[in-house]
Structure formats: structure tokens, C-alpha cells
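Asker: Below you'll find start-v2.txt; it's compact mmCIF, C-alpha atoms.
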# COMPACT_ATOMS: atom_id res chain seq x y z
CA MET A 1 -49.28 -22.23 28.47
CA GLU A 2 -46.09 -22.55 26.39
CA TRP A 3 -43.48 -25.27 26.77
CA THR A 4 -41.00 -22.85 28.32
CA ASP A 5 -43.53 -22.04 31.04
CA ILE A 6 -44.29 -25.71 31.66
CA PHE A 7 -40.65 -26.71 31.93
CA SER A 8 -39.74 -23.68 34.06
CA CYS A 9 -42.54 -24.42 36.55
CA LEU A 10 -41.64 -28.12 36.64
CA SER A 11 -37.95 -27.36 37.10
CA LEU A 12 -38.51 -24.91 39.95
CA ALA A 13 -41.03 -27.19 41.64
CA LEU A 14 -38.58 -30.11 41.57
CA TYR A 15 -35.65 -28.00 42.76
CA GLY A 16 -37.84 -26.71 45.60
CA LEU A 17 -38.86 -30.26 46.51
CA ALA A 18 -35.23 -31.41 46.38
CA THR A 19 -34.23 -28.53 48.68
CA VAL A 20 -36.87 -29.43 51.26
CA ALA A 21 -36.02 -33.13 51.06
CA SER A 22 -32.30 -32.33 51.44
CA LEU A 23 -32.92 -30.26 54.54
CA ILE A 24 -35.12 -32.92 56.11
CA GLY A 25 -32.69 -35.68 55.18
CA LEU A 26 -29.61 -33.89 56.52
CA LEU A 27 -31.16 -32.72 59.78
CA GLY A 28 -33.00 -35.97 60.34
CA ARG A 29 -30.03 -38.08 59.21
CA SER A 30 -32.33 -40.06 56.97
CA VAL A 31 -30.43 -41.90 54.25
CA ARG A 32 -33.64 -42.66 52.36
CA THR A 33 -34.72 -39.00 52.33
CA LYS A 34 -31.28 -37.84 51.20
CA LYS A 35 -31.34 -40.34 48.35
CA LEU A 36 -34.79 -39.10 47.41
CA ALA A 37 -33.47 -35.52 47.39
CA CYS A 38 -30.65 -36.52 45.03
CA THR A 39 -33.05 -38.35 42.71
CA VAL A 40 -35.38 -35.35 42.60
CA CYS A 41 -32.40 -33.06 41.93
CA PHE A 42 -31.47 -35.14 38.89
CA ALA A 43 -35.08 -34.94 37.68
CA ALA A 44 -35.06 -31.17 38.23
CA PHE A 45 -31.90 -30.88 36.15
CA GLY A 46 -33.60 -32.83 33.36
CA ALA A 47 -36.55 -30.43 33.42
CA HIS A 48 -34.09 -27.53 33.57
CA THR A 49 -32.36 -28.84 30.45
CA LEU A 50 -35.69 -29.02 28.63
CA TRP A 51 -36.45 -25.47 29.81
CA LEU A 52 -33.17 -24.24 28.36
CA ALA A 53 -33.68 -26.17 25.11
CA ALA A 54 -37.26 -24.90 24.72
CA SER A 55 -36.10 -21.31 25.28
CA LEU A 56 -33.47 -21.70 22.57
CA ALA A 57 -35.91 -23.39 20.20
CA ASP A 58 -38.67 -20.78 20.45
CA GLY A 59 -36.29 -17.86 19.91
CA SER A 60 -36.46 -16.48 23.44
CA PHE A 61 -32.82 -15.48 23.25
CA SER A 62 -33.41 -13.15 20.31
CA ALA A 63 -34.78 -10.50 22.67
CA VAL A 64 -32.69 -11.16 25.72
CA SER A 65 -33.94 -10.22 29.16
CA ARG A 66 -31.93 -10.32 32.36
CA GLY A 67 -33.74 -13.51 33.29
CA PHE A 68 -32.51 -15.41 30.27
CA TYR A 69 -28.94 -14.88 31.40
CA LEU A 70 -29.67 -16.23 34.88
CA MET A 71 -31.39 -19.33 33.54
CA PRO A 72 -28.33 -20.82 31.76
CA LEU A 73 -26.18 -19.73 34.70
CA SER A 74 -28.34 -21.75 37.08
CA TRP A 75 -28.15 -24.67 34.63
CA CYS A 76 -24.34 -24.51 34.63
CA LEU A 77 -24.33 -24.44 38.43
CA ALA A 78 -26.56 -27.52 38.59
CA ALA A 79 -24.47 -29.32 35.96
CA ALA A 80 -21.30 -28.56 37.94
CA GLY A 81 -22.88 -29.93 41.11
CA LEU A 82 -23.99 -33.12 39.39
CA PHE A 83 -20.54 -33.58 37.87
CA MET A 84 -18.80 -33.05 41.21
CA ALA A 85 -21.20 -35.41 42.97
CA ARG A 86 -20.55 -38.21 40.48
CA ARG A 87 -16.82 -37.52 40.18
CA GLN A 88 -16.16 -37.39 43.92
CA ARG A 89 -18.87 -39.96 44.74
CA GLN A 90 -20.29 -37.50 47.26
CA ASP A 91 -23.96 -36.53 47.05
CA ILE A 92 -23.44 -33.60 49.43
CA ALA A 93 -22.83 -31.35 46.39
CA LEU A 94 -26.43 -31.91 45.28
CA HIS A 95 -27.77 -30.74 48.62
CA PHE A 96 -26.51 -27.18 48.13
CA VAL A 97 -26.97 -27.20 44.35
CA SER A 98 -30.75 -27.54 44.69
CA PRO A 99 -31.37 -24.34 46.71
CA TRP A 100 -29.01 -22.25 44.54
CA ALA A 101 -30.54 -23.57 41.32
CA PHE A 102 -34.00 -22.83 42.73
CA PHE A 103 -32.97 -19.30 43.72
CA LEU A 104 -31.31 -18.41 40.42
CA GLY A 105 -34.08 -20.07 38.42
CA SER A 106 -36.70 -18.10 40.33
CA CYS A 107 -34.75 -14.90 39.65
CA ALA A 108 -34.65 -15.85 35.97
CA VAL A 109 -38.44 -16.06 35.92
CA GLY A 110 -38.78 -12.87 37.93
CA PHE A 111 -36.52 -10.92 35.55
CA ALA A 112 -38.03 -12.46 32.42
CA GLU A 113 -39.69 -9.17 31.43
CA THR A 114 -36.71 -6.96 32.33
CA GLN A 115 -34.82 -6.12 29.17
CA GLY A 116 -31.05 -6.45 29.31
CA ALA A 117 -28.70 -3.94 27.74
CA THR A 118 -26.56 -6.46 25.87
CA LEU A 119 -27.95 -8.84 23.24
CA ILE A 120 -26.34 -12.15 22.35
CA VAL A 121 -24.51 -11.45 19.08
CA GLY A 122 -22.22 -14.00 17.48
CA PRO A 123 -20.36 -17.13 18.59
CA LEU A 124 -17.68 -15.14 20.44
CA PHE A 125 -20.29 -13.71 22.79
CA VAL A 126 -21.86 -17.14 23.28
CA LEU A 127 -18.43 -18.57 24.17
CA HIS A 128 -17.92 -15.67 26.56
CA LEU A 129 -21.17 -16.45 28.37
CA VAL A 130 -20.74 -20.21 28.46
CA ALA A 131 -17.15 -20.06 29.74
CA VAL A 132 -17.95 -17.48 32.43
CA PHE A 133 -21.04 -19.40 33.54
CA VAL A 134 -19.05 -22.63 33.85
CA GLY A 135 -16.38 -20.81 35.86
CA VAL A 136 -18.96 -19.31 38.22
CA GLY A 137 -20.98 -22.53 38.38
CA VAL A 138 -18.14 -24.77 39.54
CA MET A 139 -17.01 -22.11 42.01
CA ALA A 140 -20.52 -22.09 43.49
CA VAL A 141 -20.03 -25.78 44.25
CA ALA A 142 -16.57 -25.05 45.68
CA ALA A 143 -18.04 -22.26 47.82
CA GLY A 144 -20.62 -24.66 49.25
CA ALA A 145 -17.91 -27.22 49.99
CA GLY A 146 -15.75 -24.44 51.45
CA THR A 147 -18.50 -23.33 53.80
CA ILE A 148 -18.94 -26.88 55.10
CA PHE A 149 -15.14 -27.21 55.36
CA LEU A 150 -14.87 -24.13 57.58
CA ILE A 151 -17.72 -25.32 59.81
CA GLN A 152 -16.23 -28.80 60.15
CA GLU A 153 -12.72 -27.47 60.75
CA LYS A 154 -13.91 -25.13 63.49
CA THR A 155 -15.74 -27.96 65.22
CA ILE A 156 -12.72 -30.25 65.03
CA LYS A 157 -10.30 -27.58 66.31
CA SER A 158 -12.59 -26.84 69.23
CA LYS A 159 -12.41 -30.57 70.03
CA ALA A 160 -16.17 -30.63 70.23
CA PRO A 161 -17.68 -34.00 69.30
CA LEU A 162 -19.28 -34.27 65.88
CA SER A 163 -22.92 -34.82 66.69
CA GLY A 164 -26.15 -34.97 64.74
CA PHE A 165 -26.03 -34.36 61.01
CA ARG A 166 -22.40 -33.16 61.19
CA ARG A 167 -21.30 -36.75 61.61
CA ASP A 168 -22.65 -37.50 58.13
CA LEU A 169 -20.86 -34.64 56.37
CA PRO A 170 -17.85 -35.42 54.13
CA SER A 171 -14.33 -35.35 55.52
CA LEU A 172 -12.15 -32.26 55.24
CA ALA A 173 -10.01 -34.05 52.64
CA THR A 174 -13.04 -34.77 50.45
CA LEU A 175 -14.27 -31.18 50.66
CA ASP A 176 -10.78 -29.94 49.78
CA ARG A 177 -10.72 -32.21 46.72
CA VAL A 178 -13.97 -30.61 45.54
CA ASN A 179 -12.29 -27.21 45.82
CA ALA A 180 -9.21 -28.45 43.93
CA MET A 181 -11.24 -29.89 41.05
CA ALA A 182 -13.46 -26.81 40.83
CA THR A 183 -10.41 -24.57 40.64
CA LEU A 184 -8.71 -26.75 38.04
CA VAL A 185 -11.78 -26.65 35.79
CA GLY A 186 -13.18 -23.25 36.65
CA PHE A 187 -10.22 -20.91 36.34
CA PRO A 188 -9.31 -21.72 32.70
CA CYS A 189 -12.99 -21.45 31.74
CA TYR A 190 -13.44 -18.12 33.50
CA ALA A 191 -10.21 -16.74 32.02
CA VAL A 192 -11.27 -17.74 28.50
CA GLY A 193 -14.69 -16.21 29.13
CA VAL A 194 -13.24 -12.87 30.23
CA LEU A 195 -10.83 -12.82 27.28
CA CYS A 196 -13.66 -13.51 24.83
CA GLY A 197 -15.68 -10.75 26.47
CA PHE A 198 -12.86 -8.25 25.94
CA LEU A 199 -12.45 -9.29 22.32
CA TRP A 200 -16.21 -9.09 21.67
CA ALA A 201 -16.38 -5.63 23.28
CA ARG A 202 -13.46 -4.40 21.20
CA ILE A 203 -15.09 -5.63 17.99
CA ASN A 204 -18.65 -4.46 18.72
CA TRP A 205 -18.19 -1.49 21.04
CA GLY A 206 -14.88 -0.21 19.67
CA SER A 207 -13.32 -0.42 23.15
CA PHE A 208 -12.55 -2.99 25.82
CA GLY A 209 -15.36 -1.67 28.03
CA THR A 210 -13.01 -0.51 30.75
CA ALA A 211 -15.40 2.29 31.71
CA ASP A 212 -17.88 -0.35 32.87
CA LEU A 213 -17.83 -1.20 36.60
CA LYS A 214 -18.86 -4.77 35.82
CA VAL A 215 -15.68 -5.23 33.78
CA TRP A 216 -13.54 -4.18 36.74
CA ILE A 217 -15.43 -6.52 39.07
CA SER A 218 -14.80 -9.34 36.57
CA LEU A 219 -11.08 -8.51 36.57
CA VAL A 220 -10.99 -8.58 40.37
CA ILE A 221 -12.71 -11.98 40.34
CA LEU A 222 -10.24 -13.19 37.71
CA ALA A 223 -7.31 -12.02 39.81
CA VAL A 224 -8.54 -13.83 42.92
CA TYR A 225 -9.33 -16.89 40.80
CA ALA A 226 -5.79 -16.79 39.37
CA LEU A 227 -4.33 -16.52 42.88
CA LEU A 228 -6.31 -19.55 44.02
CA PHE A 229 -5.32 -21.53 40.91
CA HIS A 230 -1.63 -20.65 41.21
CA GLN A 231 -1.41 -21.33 44.92
CA ARG A 232 -3.11 -24.69 44.57
CA GLN A 233 -1.19 -25.87 41.53
CA ALA A 234 2.25 -24.37 42.19
CA LEU A 235 2.44 -24.24 45.98
CA GLY A 236 0.05 -27.03 46.91
CA TRP A 237 -2.31 -24.89 48.95
CA ARG A 238 -4.90 -26.93 50.85
CA GLY A 239 -7.50 -26.41 53.51
CA ARG A 240 -8.80 -23.18 54.96
CA LYS A 241 -7.37 -20.54 52.60
CA PRO A 242 -8.63 -22.13 49.36
CA ALA A 243 -12.04 -22.59 50.99
CA MET A 244 -12.20 -18.90 51.92
CA LEU A 245 -11.09 -17.78 48.45
CA ALA A 246 -13.74 -19.96 46.80
CA ILE A 247 -16.41 -18.35 48.96
CA ALA A 248 -15.02 -14.89 48.14
CA ILE A 249 -15.07 -15.57 44.37
CA PHE A 250 -18.66 -16.77 44.40
CA ALA A 251 -19.77 -13.91 46.68
CA ALA A 252 -18.14 -11.39 44.32
CA SER A 253 -19.94 -13.04 41.38
CA LEU A 254 -23.28 -12.67 43.15
CA PHE A 255 -22.45 -9.05 43.97
CA SER A 256 -21.73 -8.41 40.29
CA MET A 257 -24.99 -10.05 39.19
CA PHE A 258 -27.43 -8.69 41.74
CA VAL A 259 -25.93 -5.41 42.97
CA VAL A 260 -23.85 -3.99 40.13
CA ASN A 261 -26.51 -4.85 37.55
CA THR A 262 -29.38 -3.30 39.46
CA VAL A 263 -27.79 -0.36 41.30
CA PHE A 264 -25.10 0.89 38.94
CA SER A 265 -25.19 1.91 35.30
CA THR A 266 -23.55 -0.78 33.20
CA GLN A 267 -23.33 -1.62 29.52
CA HIS A 268 -23.95 -5.27 30.31
CA GLY A 269 -27.36 -4.70 31.86
CA PHE A 270 -27.78 -8.26 33.16
Using the file provided, produce a representation of the structure as C-alpha cells.
Answerer:
Amino acid sequence: MEWTDIFSCLSLALYGLATVASLIGLLGRSVRTKKLACTVCFAAFGAHTLWLAASLADGSFSAVSRGFYLMPLSWCLAAAGLFMARRQRQDIALHFVSPWAFFLGSCAVGFAETQGATLIVGPLFVLHLVAVFVGVGVMAVAAGAGTIFLIQEKTIKSKAPLSGFRRDLPSLATLDRVNAMATLVGFPCYAVGVLCGFLWARINWGSFGTADLKVWISLVILAVYALLFHQRQALGWRGRKPAMLAIAIFAASLFSMFVVNTVFSTQHGF
């Protein structure tokens, strides 16, 4: 068994354990179990980092499969969750990072033998990938916070008492701050990533790739991202609308990755 296999199995096992512990801790309102889930999530991220490093070291990225694009994406998502958790001093981010990292990591393993259409060529393409992955990763965290925000807001507006695990969830203000930070970091990264992608396509394909459906989906995501960024920074948007837009951006990203790539013909192929 190679190091990439060892680290991938360890990473997925720890993310799976963290997911189960998070669910038990949240539903059972067990502080000790929730702390255990966060600790295991940190350990899973460490194993994930070693998995990524081992894949780079053994030349796995020289013959890129679809799975090797999902693996760094899941790493960026986990990194964003860890950053948000430490920055906002709220461990709730780690509780929805674990299942998403487990899901995307599992997909990376599952697609490991499926050859992608686009190979990583040059620093411009690497910057394109990294910037887009960061933009999607932080928005995944914002989408999780947005989902909890909408649930909490509905409960409060209905004047129903907060019972059970809902009493332990962060306040609406805290969840909104997660959205604000994710937007502030994510939009510039995603915009730079899309721009680098266009430049790389023009240099290597001789066109901007506008015949590719995935390019148009990326532009739609960028437009919604820009709307969210502008409304938050210029008009001070808060609350329900930013939460819904964050969910929409992440949902569109998943649609691009798992529907457009598998159902439609695309030059990207991942």
C-alpha cells in the first residue's frame, strides 16, 4: 500500500468519525463529545494535508484524474472551516466541515481512475485552481452557516421556544459574521480564479472557452458572488438574503462539479 492510500484511508476514516461524533454531540448536547469531534476533525485535516502532500510528491498530478481535483477542493473546504472556527471562536463550523470533507474526499477516491480532460499545465492554471477552490471552500462554510441561520430565524419568528440542540447553536449575529467573512475572502479569490482560467484558456486553447457550459456556470456563480459581495460591502446587507445567496452559490458549484461534468460535454472534464 502506498503512502497516498494510507493517508487517504486515514483521512476519510477520521472525517467519518468526526461526522458521527458531531451528530451525537449536537443531538445529545454533549460538550465532551462535541469537543472530541472538533479534535478528530483537526486530526483528519492533518491526515488530509499529508494525503495532498504525498500525492504531489509521487507525481500523481502529472496524469490528472477527476478525483485529484476533488481532493484539493475538499482540503480547501476543510481549511476554510478550521479558519472560520478559530477566527470566530465557534466550533460549529467544524461540525458541517467534517461531512462535506468526507463526501468530497470519498468522491476523490471514487473518481481516482476517471481521467479528466484538462491537465494541470503551468503556474497560471495552478493559481486558477487554488483561487477557485478557496472561493468555493469558504462559501461552503457560509452555506452551512446560512442553513443554520434560516432554521434559527424561522424558529425565532414563529416564537417557538428553542429546545434541544437548537439552544446550543450560535446566534444569528455570529452566523451572519461567518457569511460576511466568507464573502470578503471568497469573492476576490473566486474572481481571480475565473480570470486566470480565462487567461489560461486563451493562451492554451486559443479562445476563452465560451463554448463550454462549465464556463457559463462559472460566470453565473461569479455574478451571484459579486452581487453578494457588493450588497454586503456597499449596502450593508445582513441576515436572510446573504444566507440564501451563500447557499445558492455553493449549490451551483456542486451542480457544476457533479452534474455538468458528468452529464454534459465539457473541455474541463472534472
Asker: Distance atom CA of A:Ser8-atom CA of A:Gly105, one decimal place?
Answerer: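 Distance between the two atoms: 8.0 Å.
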Asker: Select, from A:Ile151, A:Leu199, A:Met84, A:Phe102, the residue with the minimum atom-to-atom distance to A:Thr183, counting only C-alpha atoms.
Answerer: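 Comparing A:Ile151, A:Leu199, A:Met84, A:Phe102 against A:Thr183, the winner is A:Met84.
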Asker: Any idea what's packed within 8 Å of stretch 247-250 of chain A, counting only C-alpha atoms, ignoring anything in its chain fewer than 5 positions away? Could you give it as a list in words?
Answerer: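 These residues fall inside the cut-off: Val136, Met139, Ala140, Ala142, Ala143, Gly144, Gly146, Thr147, Ile221, Val224 and Tyr225 of chain A.
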Asker: Counting all atoms listed in the file, which of A:Ile148, A:Ala85, A:Ala131, A:Ile156 gets nearest to A:Val192?
Answerer: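 Closest candidate: A:Ala131.
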Asker: With 8 Å added on each side, what axis-aligned box encloses every listed atom of stretch 68-76 of chain A? Give the centre and edge lengths in Å to one decimal, as JSON.
Answerer:
{"center_x": -28.4, "center_y": -19.8, "center_z": 33.7, "size_x": 24.2, "size_y": 25.8, "size_z": 22.8}
Asker: Could you work out how far atom CA of A:Val259 lies from atom CA of A:Leu213, giving the answer in Å with one decimal?
Answerer: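 These two atoms are separated by 11.1 Å.
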Asker: Place N, CA, C and O atoms on stretch 237-261 of chain A and deliver the coordinates as a compact mmCIF listing (two decimals), in the coordinates of the input.
Answerer:
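Okay, this is what ended up in part_31.txt:
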# COMPACT_ATOMS: atom_id res chain seq x y z
N TRP A 237 -1.40 -25.39 47.92
CA TRP A 237 -2.31 -24.89 48.95
C TRP A 237 -3.42 -25.91 49.21
O TRP A 237 -3.99 -26.48 48.28
N ARG A 238 -3.78 -26.07 50.48
CA ARG A 238 -4.90 -26.93 50.85
C ARG A 238 -5.59 -26.32 52.06
O ARG A 238 -5.03 -25.49 52.77
N GLY A 239 -6.82 -26.74 52.26
CA GLY A 239 -7.50 -26.41 53.51
C GLY A 239 -8.25 -25.09 53.55
O GLY A 239 -9.00 -24.74 52.65
N ARG A 240 -7.98 -24.34 54.61
CA ARG A 240 -8.80 -23.18 54.96
C ARG A 240 -8.72 -22.04 53.95
O ARG A 240 -9.75 -21.48 53.55
N LYS A 241 -7.51 -21.68 53.51
CA LYS A 241 -7.37 -20.54 52.60
C LYS A 241 -8.07 -20.76 51.26
O LYS A 241 -8.79 -19.87 50.78
N PRO A 242 -7.89 -21.90 50.61
CA PRO A 242 -8.63 -22.13 49.36
C PRO A 242 -10.14 -22.10 49.57
O PRO A 242 -10.87 -21.63 48.69
N ALA A 243 -10.60 -22.61 50.71
CA ALA A 243 -12.04 -22.59 50.99
C ALA A 243 -12.55 -21.15 51.09
O ALA A 243 -13.61 -20.81 50.53
N MET A 244 -11.80 -20.30 51.76
CA MET A 244 -12.20 -18.90 51.92
C MET A 244 -12.17 -18.16 50.59
O MET A 244 -13.04 -17.34 50.30
N LEU A 245 -11.17 -18.44 49.76
CA LEU A 245 -11.09 -17.78 48.45
C LEU A 245 -12.23 -18.22 47.54
O LEU A 245 -12.77 -17.41 46.77
N ALA A 246 -12.61 -19.48 47.61
CA ALA A 246 -13.74 -19.96 46.80
C ALA A 246 -15.02 -19.24 47.19
O ALA A 246 -15.81 -18.83 46.33
N ILE A 247 -15.23 -19.08 48.48
CA ILE A 247 -16.41 -18.35 48.96
C ILE A 247 -16.36 -16.90 48.49
O ILE A 247 -17.38 -16.34 48.07
N ALA A 248 -15.17 -16.29 48.55
CA ALA A 248 -15.02 -14.89 48.14
C ALA A 248 -15.31 -14.72 46.65
O ALA A 248 -15.97 -13.75 46.23
N ILE A 249 -14.84 -15.66 45.82
CA ILE A 249 -15.07 -15.57 44.37
C ILE A 249 -16.55 -15.66 44.05
O ILE A 249 -17.08 -14.88 43.27
N PHE A 250 -17.23 -16.61 44.67
CA PHE A 250 -18.66 -16.77 44.40
C PHE A 250 -19.45 -15.58 44.94
O PHE A 250 -20.40 -15.10 44.29
N ALA A 251 -19.08 -15.08 46.11
CA ALA A 251 -19.77 -13.91 46.68
C ALA A 251 -19.60 -12.69 45.78
O ALA A 251 -20.55 -11.93 45.56
N ALA A 252 -18.39 -12.51 45.23
CA ALA A 252 -18.14 -11.39 44.32
C ALA A 252 -18.96 -11.55 43.04
O ALA A 252 -19.45 -10.56 42.47
N SER A 253 -19.13 -12.79 42.58
CA SER A 253 -19.94 -13.04 41.38
C SER A 253 -21.40 -12.67 41.63
O SER A 253 -22.06 -12.07 40.78
N LEU A 254 -21.90 -13.03 42.80
CA LEU A 254 -23.28 -12.67 43.15
C LEU A 254 -23.43 -11.16 43.28
O LEU A 254 -24.45 -10.58 42.86
N PHE A 255 -22.42 -10.51 43.85
CA PHE A 255 -22.45 -9.05 43.97
C PHE A 255 -22.51 -8.41 42.59
O PHE A 255 -23.27 -7.45 42.36
N SER A 256 -21.73 -8.94 41.66
CA SER A 256 -21.73 -8.41 40.29
C SER A 256 -23.09 -8.59 39.62
O SER A 256 -23.59 -7.69 38.95
N MET A 257 -23.72 -9.76 39.85
CA MET A 257 -24.99 -10.05 39.19
C MET A 257 -26.17 -9.28 39.77
O MET A 257 -27.01 -8.75 39.05
N PHE A 258 -26.22 -9.20 41.10
CA PHE A 258 -27.43 -8.69 41.74
C PHE A 258 -27.31 -7.28 42.31
O PHE A 258 -28.32 -6.67 42.65
N VAL A 259 -26.10 -6.77 42.45
CA VAL A 259 -25.93 -5.41 42.97
C VAL A 259 -25.47 -4.48 41.85
O VAL A 259 -26.10 -3.46 41.57
N VAL A 260 -24.38 -4.85 41.20
CA VAL A 260 -23.85 -3.99 40.13
C VAL A 260 -24.88 -3.82 39.02
O VAL A 260 -25.09 -2.72 38.50
N ASN A 261 -25.55 -4.91 38.66
CA ASN A 261 -26.51 -4.85 37.55
C ASN A 261 -27.75 -4.04 37.84
O ASN A 261 -28.39 -3.52 36.93
